[in-house]
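What follows is a single structure, written as structure tokens, with notes after it.
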Amino acid sequence: MSATTPYAAFAALLASQGQAVSPAELHGLLLGRSCAGAGFESEPWLVDAAELLGSAPQDNVRAALIGLQEMVKAELTGSEMAVVLLLPSDDAPLAERAVAMGQWCQGFLGGFGLTAGDAALSAEAMEVLQDLASIAQVQNDLDETEDGENDYMEVMEYLRVAPLLLFTECAKAAPAASEKPSLH
């Protein structure tokens with residue numbers, strides 16, 4: 001048996017608090033709002049997370065959500081510009097991973113829409129959002145075959161790059177004067 005994955009640990013933490021929300025959907029929400037220009041202040045993120053959770057998170061969930069936000073901030077603003085998706089491990093059944101991927105896309109679209117509002121986006125950015133909406137719908141179309149596994153991996157690679165395009169575009173559109181200095 002392998003060590004507990006971040007996804008499994010987060011899922012267990014949420015379940016211990018009586019939360020039925022998927023870690024993938026929470027991560028998608030966070031990444032979507034971050035890519036749309038929400039910034040990285042913890043309080044607005046915790047308000048959005050509480051809305052998805054249905055209540056304010058308790059201390060240990062709150063700490064995990066803030067840690068998740070710090071990870072996303074480092075991924076989006078670091079020199080590597082690489083995104084790690086919070087999804088079940090590769091040894092989980094493909095159906096479980098595909099459902100989580102759909103939940104991640106739904107969360108991302110919700111967070112992006114909540115923050116971006118009616119902001120004008122390029123045709124390329126609109127296409128990415130349409131792709132995410134499509135991916136959110138096909139979660140039951142992957143079979144436990146080598147082809148299904150290959151399709152899943154291709155979509156995963158796309159989902160690692162798509163947020164970066166949206167973050168870069170929305171960061172260019174946001175006036176630099178609106179950035180507040182970090183208090184850390």
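Every chain in the structure tokens has a letter given in the order shown (A, B, ...), and although residue numbers restart at 1 in each chain, ligands are simply numbered from 1 in the order shown.
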
Contacts of region 32-106 of chain A with region 118-129 of chain A up to 12 Å, shortest pair per row, only C-alpha atoms, as a tab-separated table:
residue	atom	partner	partner_atom	distance
A:Gly32	CA	A:Leu129	CA	10.2
A:Cys35	CA	A:Ala125	CA	11.2
A:Ala36	CA	A:Ala119	CA	9.1
A:Gly37	CA	A:Ala119	CA	10.6
A:Cys105	CA	A:Leu129	CA	9.2
A:Gln106	CA	A:Leu129	CA	10.5

What are the DSSP alpha helix (DSSP H) residues of region 13-181 of chain A, as a tab-separated table (two decimals) with C-alpha atoms, in the first residue's frame?
chain	number	residue	atom	x	y	z
A	13	LEU	CA	-9.82	15.82	6.31
A	14	LEU	CA	-12.95	17.13	4.59
A	15	ALA	CA	-14.87	13.94	5.38
A	16	SER	CA	-13.83	14.16	9.05
A	23	PRO	CA	-10.76	18.27	-2.91
A	24	ALA	CA	-10.59	18.46	-6.71
A	25	GLU	CA	-13.53	20.87	-6.86
A	26	LEU	CA	-12.04	23.04	-4.10
A	27	HIS	CA	-8.68	23.15	-5.87
A	28	GLY	CA	-10.40	23.96	-9.16
A	29	LEU	CA	-12.34	26.78	-7.47
A	30	LEU	CA	-9.14	28.20	-5.99
A	31	LEU	CA	-7.16	27.95	-9.22
A	32	GLY	CA	-10.04	29.38	-11.29
A	33	ARG	CA	-10.46	32.44	-9.08
A	34	SER	CA	-6.68	32.90	-8.89
A	35	CYS	CA	-6.30	32.71	-12.67
A	42	SER	CA	-6.54	34.36	2.26
A	43	GLU	CA	-9.79	35.90	3.60
A	44	PRO	CA	-11.59	36.29	0.22
A	45	TRP	CA	-10.49	32.73	-0.67
A	46	LEU	CA	-11.85	31.39	2.62
A	47	VAL	CA	-15.17	33.18	1.98
A	48	ASP	CA	-15.46	31.55	-1.47
A	49	ALA	CA	-14.44	28.16	-0.06
A	50	ALA	CA	-17.00	28.48	2.76
A	51	GLU	CA	-19.70	29.12	0.19
A	52	LEU	CA	-18.80	25.89	-1.63
A	53	LEU	CA	-18.49	24.00	1.67
A	59	ASP	CA	-9.44	25.37	12.02
A	60	ASN	CA	-7.74	22.33	10.47
A	61	VAL	CA	-9.67	22.66	7.19
A	62	ARG	CA	-9.03	26.42	7.23
A	63	ALA	CA	-5.29	25.79	7.63
A	64	ALA	CA	-5.35	23.25	4.78
A	65	LEU	CA	-7.18	25.72	2.53
A	66	ILE	CA	-4.63	28.45	3.28
A	67	GLY	CA	-1.82	25.96	2.58
A	68	LEU	CA	-3.48	25.04	-0.71
A	69	GLN	CA	-3.64	28.72	-1.61
A	70	GLU	CA	0.06	29.18	-0.83
A	71	MET	CA	0.85	26.23	-3.11
A	72	VAL	CA	-1.24	27.69	-5.95
A	73	LYS	CA	0.36	31.11	-5.50
A	74	ALA	CA	3.82	29.55	-5.73
A	75	GLU	CA	2.82	27.59	-8.84
A	76	LEU	CA	1.34	30.58	-10.66
A	77	THR	CA	3.90	33.19	-9.68
A	94	LEU	CA	-9.86	5.56	-13.95
A	95	ALA	CA	-13.56	6.23	-13.33
A	96	GLU	CA	-12.76	7.83	-9.95
A	97	ARG	CA	-10.00	9.96	-11.47
A	98	ALA	CA	-12.27	11.02	-14.36
A	99	VAL	CA	-15.07	12.08	-11.97
A	100	ALA	CA	-12.57	14.09	-9.91
A	101	MET	CA	-11.25	15.70	-13.10
A	102	GLY	CA	-14.81	16.74	-13.99
A	103	GLN	CA	-15.28	18.17	-10.49
A	104	TRP	CA	-11.99	20.07	-10.83
A	105	CYS	CA	-13.17	21.60	-14.12
A	106	GLN	CA	-16.53	22.56	-12.58
A	107	GLY	CA	-14.76	24.18	-9.64
A	108	PHE	CA	-12.35	26.01	-11.95
A	109	LEU	CA	-15.15	27.37	-14.12
A	110	GLY	CA	-17.09	28.46	-11.03
A	111	GLY	CA	-14.12	30.24	-9.50
A	112	PHE	CA	-13.10	31.83	-12.78
A	113	GLY	CA	-16.63	33.04	-13.52
A	114	LEU	CA	-17.10	34.33	-9.98
A	115	THR	CA	-13.99	36.48	-10.27
A	116	ALA	CA	-13.74	37.37	-13.98
A	123	ALA	CA	-10.73	33.96	-28.42
A	124	GLU	CA	-8.03	31.58	-27.18
A	125	ALA	CA	-9.06	32.09	-23.54
A	126	MET	CA	-12.73	31.58	-24.42
A	127	GLU	CA	-11.80	28.35	-26.20
A	128	VAL	CA	-9.96	27.13	-23.10
A	129	LEU	CA	-13.02	27.83	-20.94
A	130	GLN	CA	-15.24	26.00	-23.45
A	131	ASP	CA	-12.81	23.06	-23.38
A	132	LEU	CA	-13.01	22.95	-19.58
A	133	ALA	CA	-16.81	22.95	-19.77
A	134	SER	CA	-16.64	20.04	-22.22
A	135	ILE	CA	-14.16	18.12	-20.08
A	136	ALA	CA	-16.44	18.55	-17.06
A	137	GLN	CA	-19.19	16.74	-19.00
A	146	GLU	CA	-5.17	1.61	-22.34
A	147	ASP	CA	-6.91	4.04	-24.71
A	148	GLY	CA	-9.00	5.42	-21.86
A	149	GLU	CA	-5.85	5.85	-19.76
A	150	ASN	CA	-4.08	7.61	-22.65
A	151	ASP	CA	-7.07	9.93	-23.15
A	152	TYR	CA	-7.06	10.76	-19.44
A	153	MET	CA	-3.32	11.54	-19.48
A	154	GLU	CA	-3.71	13.79	-22.55
A	155	VAL	CA	-6.48	15.74	-20.85
A	156	MET	CA	-4.38	15.97	-17.67
A	157	GLU	CA	-1.53	17.53	-19.63
A	158	TYR	CA	-3.92	20.04	-21.15
A	159	LEU	CA	-5.33	20.91	-17.72
A	160	ARG	CA	-1.82	21.59	-16.41
A	161	VAL	CA	-1.26	24.21	-19.13
A	162	ALA	CA	-4.72	25.75	-19.59
A	163	PRO	CA	-4.77	27.63	-16.24
A	164	LEU	CA	-1.40	29.20	-17.02
A	165	LEU	CA	-2.74	30.69	-20.25
A	166	LEU	CA	-5.74	32.16	-18.44
A	167	PHE	CA	-3.63	33.45	-15.54
A	168	THR	CA	-1.18	35.11	-17.92
A	169	GLU	CA	-3.96	36.74	-19.95
A	170	CYS	CA	-5.89	37.99	-16.93
A	171	ALA	CA	-2.71	39.23	-15.24
A	172	LYS	CA	-1.93	41.34	-18.33
A	173	ALA	CA	-5.46	42.78	-18.31

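We find CA of Pro88 (chain A) and CA of Thr5 (chain A) to be spaced 7.6 Å apart.
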
* Asked: CA of Leu87 (chain A) and CA of Tyr7 (chain A), how far apart in Å?
  ->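 Going from CA of Tyr7 (chain A) over to CA of Leu87 (chain A) covers 5.7 Å.
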
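The shortest atom-to-atom distance to Gln19 (chain A), with only C-alpha atoms taken into account, belongs to A:Ala56 out of A:Ala56, A:Leu85, A:Ala92, A:Ala38.
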
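Here the question is which of A:Thr145, A:Gly39, A:Ser22, A:Val84 gets nearest to Ala8 (chain A) using only C-alpha atoms, and that residue is A:Ser22.
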
* To do: For CA of Pro6 (chain A) and CA of Asp90 (chain A), quote the distance in Å rounded to one decimal.
  =>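 Taking CA of Pro6 (chain A) and CA of Asp90 (chain A), their separation equals 12.5 Å.
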